[in-house]
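**Q** What follows is a structure written as structure tokens; I'll ask about it next.
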Amino acid sequence: MLELRMKYALNGILLYVISTVFVCYLSFRSVIQPTTWNSLFWIIMLFASINAVAKSFMQESRGRQLYMHTLASPQAIILSKIIYNVLLMISLSLICFLFYSLFIGNLVQDIPMFILCLLLGSAGFSSVLTLMSAIASRTNGNLTLMAILSFPVQVPLLMTLIRVSKNAIDGLDPSVSYKFLIILFLINVVVATLSYILFPYLCRD
Amino acid sequence: MQKFFNLQLAFGLEWWKFLAIALVLYALIGGLLIDVPALPILHETIRNLYYHVTQWFGMMIILFVSLWHSIRYLSNFKMYHDFVAAEAANVGIYMGILGIVTGSVWAKFTWGAWWVSDAKLNGAAITLLIYFAYLILRNSMDEEQKRARVAAVYNIFAFTMLIIFLMVLPRLTDSLHPGNGGNPGFGGYDLDNTMKLIFYPAVIGWTLLGVWLMQVCLRIRTLNHKLLIKQFK
């Protein structure tokens with residue numbers, strides 16, 4: 001898809017994440033408070049996801065979009081976009097976690113739980129943003145609109161994520177977090193299904 | 001059928017509009033005068049049940065109308081459905097704001113603060129934000145057909161999120177709000193029969209008032225649309 005065709009875009013996002021982490025390192029040195037560590041991490045992830053996924057429809061030229069529609073059905077396009085963005089965000093979040101713990105320090109006690117939370121979170125961010133990017137691209141690629149449309153949905157996602165990952169950091173028993181993981185999974189499934197159903201209507205012109 | 005209602009001939013209003021006025025007045029006056037069960041913490045603020053809860057009920061019904069017309073629009077692409085969806089969303093947002101203000105007043109007198117960080121309350125705020133985004137999205141596009149289509153898609157998304165944030169999430173997490181997070185709802189233990197006598201008519205009254213408001217806005221929009229078409233002919 002887009003980033004594989006444009007290597008510089010992929011590298012750009014990587015550099016963006018790493019330099020953000022580095023700036024945080026320079027300004028915070030080391031974070032001892034788990035709450036701050038956690039919130040800082042997820043805020044970095046939020047903005048990285050907007051930067052990474054917003055491009056998926058916005059930067060496609062009109063001609064290329066038309067070309068894609070002649071090649072594949074809209075359902076296939078949106079599904080492949082979502083899958084690609086989810087994979088992109090998952091790898092991005094793992095890299096971000098790696099550098100974050102390298103520079104700022106790793107406070108997580110229950111690492112498998114945290115990774116699971118990362119996976120669900122990046123899947124959620126990217127599926128919401130893919131749909132919103134598709135909608136916003138219909139309005140002449142307005143980036144502000146994209147933020148307005150996706151923020152209300154991302155905030156609860158972010159709140160839930162922060163709560164689960166806080167549990168993982170404190171090393172609480174996993175059974176405490178199951179409920180929140182189910183919520184995250186639910187939002188992911190709902191958003192992906194909605195985009196699958198609704199996207200064909202968006203690309204009719 | 002409607003000829004039987006002489007009132008309509010006298011005032012030019014349809015019968016259900018009289019019903020709306022009557023029910024809302026009934027809720028306003030009756031809600032303040034009729035005896036309510038004395039409960040700890042709530043005391044007299046329980047009267048807010050007639051306004052806060054009923055307005056949210058009305059909002060849900062009217063936003064559902066908006067959703068329904070968005071779906072209809074996507075299945076047959078008639079502009080009429082887009083107009084209804086837009087106006088219903090407008091009225092729904094208006095009722096939502098009323099609901100959130102009355103809820104905030106209620107929270108002040110029972111929980112001690114205008115706003116409590118709570119799953120249900122934050123869900124309500126986020127839902128309103130999503131619907132505001134819907135309005136901005138509508139205004140950001142000029143081309144009519146495209147606007148209708150994109151707005152319909154976002155509207156369906158918005159309503160689904162409303163269901164999740166208002167109905168599902170608060171039930172899964174801890175919440176102060178009655179009916180959520182393990183707390184029983186009002187109906188469970190203290191909604192006695194006199195309260196029901198006002199509560200349900202009030203729901204119908206607010207909804208009818210919302211439909212009325214929607215109809216007036218819809219007429220203005222349709223007329224403007226016709227005017228616009230006339231100008232280009």
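We name chains A, B, ... following the order of the structure tokens; residues begin at 1 in each chain, and ligands are numbered from 1 as shown.
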Select residues of chain B: the criterion is any atom within 8 Å of an atom of chain A, counting only C-alpha atoms; output as a ChimeraX atom specification.
**A** /B:74,123,126-127,129-130,133-134,137,140-141,146,149-150,153-154,157,161,169,172
**Q** Would you export the selected residues with N, CA, C and O atoms as a PDB file, in the first residue's frame, please?
**A**
```pdb
ATOM      1  N   LEU B  74     -29.129   5.897   2.490  1.00  0.00           N
ATOM      2  CA  LEU B  74     -28.129   5.066   1.818  1.00  0.00           C
ATOM      3  C   LEU B  74     -28.765   3.968   0.978  1.00  0.00           C
ATOM      4  O   LEU B  74     -28.123   3.397   0.111  1.00  0.00           O
ATOM      5  N   GLY B 123     -19.220   9.343  28.972  1.00  0.00           N
ATOM      6  CA  GLY B 123     -19.799   8.773  27.763  1.00  0.00           C
ATOM      7  C   GLY B 123     -20.779   9.746  27.124  1.00  0.00           C
ATOM      8  O   GLY B 123     -20.778   9.942  25.910  1.00  0.00           O
ATOM      9  N   ILE B 126     -18.883  12.578  25.483  1.00  0.00           N
ATOM     10  CA  ILE B 126     -18.224  12.152  24.249  1.00  0.00           C
ATOM     11  C   ILE B 126     -19.244  11.969  23.138  1.00  0.00           C
ATOM     12  O   ILE B 126     -19.008  12.344  21.989  1.00  0.00           O
ATOM     13  N   THR B 127     -20.410  11.424  23.503  1.00  0.00           N
ATOM     14  CA  THR B 127     -21.455  11.261  22.491  1.00  0.00           C
ATOM     15  C   THR B 127     -21.843  12.613  21.905  1.00  0.00           C
ATOM     16  O   THR B 127     -21.988  12.765  20.692  1.00  0.00           O
ATOM     17  N   LEU B 129     -19.973  15.233  21.760  1.00  0.00           N
ATOM     18  CA  LEU B 129     -18.853  15.674  20.911  1.00  0.00           C
ATOM     19  C   LEU B 129     -18.922  15.014  19.536  1.00  0.00           C
ATOM     20  O   LEU B 129     -18.691  15.664  18.513  1.00  0.00           O
ATOM     21  N   ILE B 130     -19.258  13.710  19.525  1.00  0.00           N
ATOM     22  CA  ILE B 130     -19.345  13.009  18.240  1.00  0.00           C
ATOM     23  C   ILE B 130     -20.423  13.649  17.380  1.00  0.00           C
ATOM     24  O   ILE B 130     -20.239  13.863  16.184  1.00  0.00           O
ATOM     25  N   ALA B 133     -19.304  16.829  15.967  1.00  0.00           N
ATOM     26  CA  ALA B 133     -18.424  16.547  14.828  1.00  0.00           C
ATOM     27  C   ALA B 133     -19.256  16.253  13.590  1.00  0.00           C
ATOM     28  O   ALA B 133     -18.891  16.646  12.479  1.00  0.00           O
ATOM     29  N   TYR B 134     -20.406  15.588  13.810  1.00  0.00           N
ATOM     30  CA  TYR B 134     -21.314  15.306  12.692  1.00  0.00           C
ATOM     31  C   TYR B 134     -21.777  16.607  12.036  1.00  0.00           C
ATOM     32  O   TYR B 134     -21.769  16.741  10.809  1.00  0.00           O
ATOM     33  N   LEU B 137     -18.916  18.154  10.167  1.00  0.00           N
ATOM     34  CA  LEU B 137     -18.688  17.391   8.931  1.00  0.00           C
ATOM     35  C   LEU B 137     -19.685  17.791   7.853  1.00  0.00           C
ATOM     36  O   LEU B 137     -19.327  17.988   6.697  1.00  0.00           O
ATOM     37  N   SER B 140     -18.834  21.079   6.307  1.00  0.00           N
ATOM     38  CA  SER B 140     -17.557  21.209   5.613  1.00  0.00           C
ATOM     39  C   SER B 140     -17.672  20.848   4.140  1.00  0.00           C
ATOM     40  O   SER B 140     -16.725  20.982   3.399  1.00  0.00           O
ATOM     41  N   MET B 141     -18.844  20.374   3.715  1.00  0.00           N
ATOM     42  CA  MET B 141     -18.974  19.964   2.310  1.00  0.00           C
ATOM     43  C   MET B 141     -20.050  20.781   1.613  1.00  0.00           C
ATOM     44  O   MET B 141     -21.093  21.068   2.190  1.00  0.00           O
ATOM     45  N   LYS B 146     -22.865  14.444  -2.126  1.00  0.00           N
ATOM     46  CA  LYS B 146     -21.718  13.913  -1.408  1.00  0.00           C
ATOM     47  C   LYS B 146     -21.880  14.135   0.086  1.00  0.00           C
ATOM     48  O   LYS B 146     -21.648  13.230   0.894  1.00  0.00           O
ATOM     49  N   ARG B 149     -24.283  11.702   1.564  1.00  0.00           N
ATOM     50  CA  ARG B 149     -23.771  10.339   1.679  1.00  0.00           C
ATOM     51  C   ARG B 149     -22.769  10.202   2.816  1.00  0.00           C
ATOM     52  O   ARG B 149     -22.882   9.321   3.666  1.00  0.00           O
ATOM     53  N   VAL B 150     -21.797  11.128   2.848  1.00  0.00           N
ATOM     54  CA  VAL B 150     -20.766  11.050   3.887  1.00  0.00           C
ATOM     55  C   VAL B 150     -21.383  11.254   5.269  1.00  0.00           C
ATOM     56  O   VAL B 150     -21.071  10.535   6.226  1.00  0.00           O
ATOM     57  N   VAL B 153     -23.146   8.160   6.452  1.00  0.00           N
ATOM     58  CA  VAL B 153     -22.191   7.156   6.934  1.00  0.00           C
ATOM     59  C   VAL B 153     -21.720   7.506   8.342  1.00  0.00           C
ATOM     60  O   VAL B 153     -21.717   6.668   9.245  1.00  0.00           O
ATOM     61  N   TYR B 154     -21.372   8.779   8.541  1.00  0.00           N
ATOM     62  CA  TYR B 154     -20.870   9.160   9.873  1.00  0.00           C
ATOM     63  C   TYR B 154     -21.976   9.073  10.914  1.00  0.00           C
ATOM     64  O   TYR B 154     -21.721   8.751  12.069  1.00  0.00           O
ATOM     65  N   PHE B 157     -22.263   5.605  12.149  1.00  0.00           N
ATOM     66  CA  PHE B 157     -21.124   5.385  13.051  1.00  0.00           C
ATOM     67  C   PHE B 157     -21.390   6.042  14.405  1.00  0.00           C
ATOM     68  O   PHE B 157     -21.185   5.436  15.461  1.00  0.00           O
ATOM     69  N   MET B 161     -21.675   4.381  18.208  1.00  0.00           N
ATOM     70  CA  MET B 161     -20.820   4.791  19.325  1.00  0.00           C
ATOM     71  C   MET B 161     -21.671   5.225  20.514  1.00  0.00           C
ATOM     72  O   MET B 161     -21.320   4.976  21.661  1.00  0.00           O
ATOM     73  N   LEU B 169     -20.727   0.515  27.803  1.00  0.00           N
ATOM     74  CA  LEU B 169     -19.567   0.774  28.665  1.00  0.00           C
ATOM     75  C   LEU B 169     -19.927   1.064  30.125  1.00  0.00           C
ATOM     76  O   LEU B 169     -19.311   0.493  31.023  1.00  0.00           O
ATOM     77  N   LEU B 172     -20.418  -1.948  32.124  1.00  0.00           N
ATOM     78  CA  LEU B 172     -19.275  -2.823  32.365  1.00  0.00           C
ATOM     79  C   LEU B 172     -18.340  -2.265  33.425  1.00  0.00           C
ATOM     80  O   LEU B 172     -17.626  -2.991  34.085  1.00  0.00           O
TER      81      LEU B 172
END
```
**Q** Return as a VMD selection string the full set of residues in range 21-92 of chain B whose backbone-based DSSP assignment is helix (DSSP H, G or I).
**A** chain B and resid 21 to 33 43 to 50 52 to 76 79 to 92
**Q** Do a neighbour search on Thr102 in chain B at 8 Å with only C-alpha atoms, toss out local chain neighbours closer than 3 positions, and write the hits as a list in words.
**A**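 Once the adjacent positions are removed, what remains is Asn48, Tyr51, His52, Leu98, Gly99, Val105 and Trp106 of chain B.
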**Q** Using the selection just defined, write its residues with all heavy atoms as a CSV table (one decimal), in the first residue's frame.
**A**
```
chain,number,residue,atom,x,y,z
B,48,ASN,N,-36.3,15.8,39.4
B,48,ASN,CA,-35.5,16.0,38.2
B,48,ASN,C,-35.7,14.8,37.2
B,48,ASN,O,-35.4,14.9,36.0
B,48,ASN,CB,-34.1,16.2,38.5
B,48,ASN,CG,-33.3,16.9,37.4
B,48,ASN,OD1,-33.9,17.1,36.3
B,48,ASN,ND2,-32.2,17.4,37.7
B,51,TYR,N,-37.5,15.4,34.2
B,51,TYR,CA,-37.0,16.2,33.1
B,51,TYR,C,-35.7,15.6,32.6
B,51,TYR,O,-35.6,15.4,31.4
B,51,TYR,CB,-36.7,17.6,33.7
B,51,TYR,CG,-37.9,18.1,34.4
B,51,TYR,CD1,-37.9,18.4,35.8
B,51,TYR,CD2,-39.1,18.3,33.8
B,51,TYR,CE1,-39.0,18.8,36.5
B,51,TYR,CE2,-40.3,18.7,34.4
B,51,TYR,CZ,-40.2,18.9,35.8
B,51,TYR,OH,-41.3,19.3,36.4
B,52,HIS,N,-34.7,15.3,33.4
B,52,HIS,CA,-33.4,14.8,33.0
B,52,HIS,C,-33.6,13.5,32.2
B,52,HIS,O,-33.2,13.4,31.1
B,52,HIS,CB,-32.5,14.6,34.2
B,52,HIS,CG,-31.3,13.9,33.9
B,52,HIS,ND1,-30.3,14.4,33.1
B,52,HIS,CD2,-30.8,12.7,34.3
B,52,HIS,CE1,-29.3,13.5,33.0
B,52,HIS,NE2,-29.6,12.5,33.7
B,98,LEU,N,-29.9,19.8,26.8
B,98,LEU,CA,-30.8,20.0,27.9
B,98,LEU,C,-30.6,18.9,28.9
B,98,LEU,O,-30.5,19.2,30.1
B,98,LEU,CB,-32.2,20.0,27.4
B,98,LEU,CG,-32.7,21.3,26.7
B,98,LEU,CD1,-34.2,21.1,26.3
B,98,LEU,CD2,-32.6,22.5,27.6
B,99,GLY,N,-30.5,17.7,28.5
B,99,GLY,CA,-30.3,16.6,29.4
B,99,GLY,C,-29.1,16.7,30.2
B,99,GLY,O,-29.0,16.4,31.4
B,105,VAL,N,-27.1,19.7,37.0
B,105,VAL,CA,-27.7,20.3,38.2
B,105,VAL,C,-28.0,19.3,39.2
B,105,VAL,O,-27.8,19.4,40.4
B,105,VAL,CB,-29.0,21.1,37.8
B,105,VAL,CG1,-29.8,21.5,39.0
B,105,VAL,CG2,-28.7,22.2,36.9
B,106,TRP,N,-28.5,18.1,38.8
B,106,TRP,CA,-28.9,17.0,39.6
B,106,TRP,C,-27.6,16.5,40.4
B,106,TRP,O,-27.7,16.2,41.6
B,106,TRP,CB,-29.5,15.9,38.8
B,106,TRP,CG,-30.4,15.0,39.6
B,106,TRP,CD1,-30.6,15.1,41.0
B,106,TRP,CD2,-31.2,14.0,39.1
B,106,TRP,NE1,-31.5,14.1,41.4
B,106,TRP,CE2,-31.9,13.4,40.3
B,106,TRP,CE3,-31.5,13.5,37.9
B,106,TRP,CZ2,-32.8,12.3,40.1
B,106,TRP,CZ3,-32.3,12.4,37.7
B,106,TRP,CH2,-33.0,11.8,38.9
```
**Q** What lies within 9 Å of range 206-215 of chain B using only C-alpha atoms, ignoring chain neighbours under 5 positions off, as a list in words?
**A**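 Surrounding residues, per the criterion: Trp16, Lys17, Leu19, Ala20, Ile21, Leu23, Val24, Tyr51, Thr54, Gln55, Phe57, Gly58, Met59, Ile61, Ile62, Val84, Glu87, Ala88, Asn90, Val91, Gly92, Met95, Pro201 and Ile220 of chain B.
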**Q** Rank nothing, just name the residue among B:Met79, B:Ile156, B:Ala22, B:Leu166 nearest to Met60 in chain B, using only C-alpha atoms.
**A**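 Counting only C-alpha atoms, the residue closest to Met60 in chain B is B:Leu166.
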**Q** Just give me the gap between CA of Ile104 in chain A and CA of Arg29 in chain A in Å, one decimal is fine.
**A**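 Between CA of Ile104 in chain A and CA of Arg29 in chain A the gap works out to 6.7 Å.
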**Q** Just want the 12 Å neighbourhood of Phe28 in chain A, counted on only C-alpha atoms, with same-chain residues fewer than 6 positions away dropped. Output as an mmCIF file with C-alpha atoms, in the first residue's frame.
**A**
```cif
data_model
loop_
_atom_site.group_PDB
_atom_site.id
_atom_site.type_symbol
_atom_site.label_atom_id
_atom_site.label_comp_id
_atom_site.auth_asym_id
_atom_site.auth_seq_id
_atom_site.Cartn_x
_atom_site.Cartn_y
_atom_site.Cartn_z
ATOM 1 C CA THR A 20 9.404 12.007 20.188
ATOM 2 C CA VAL A 21 10.588 9.426 22.678
ATOM 3 C CA PHE A 22 13.995 11.064 22.693
ATOM 4 C CA THR A 36 3.142 9.586 34.382
ATOM 5 C CA TRP A 37 5.121 6.900 32.565
ATOM 6 C CA LEU A 40 3.213 9.779 28.484
ATOM 7 C CA TYR A 100 10.699 4.071 25.411
ATOM 8 C CA PHE A 103 15.562 5.639 27.195
ATOM 9 C CA ILE A 104 13.062 6.321 29.938
ATOM 10 C CA GLY A 105 13.121 2.993 31.703
#
```
**Q** Residues within 9 Å of range 86-88 of chain A, please, as a list in words. Count only C-alpha atoms; anything in the same chain fewer than 6 positions from it doesn't count.
**A** Ala52, Val53, Leu119, Ser122, Ala123, Gly124, Phe125, Ser126 and Ser127 of chain A
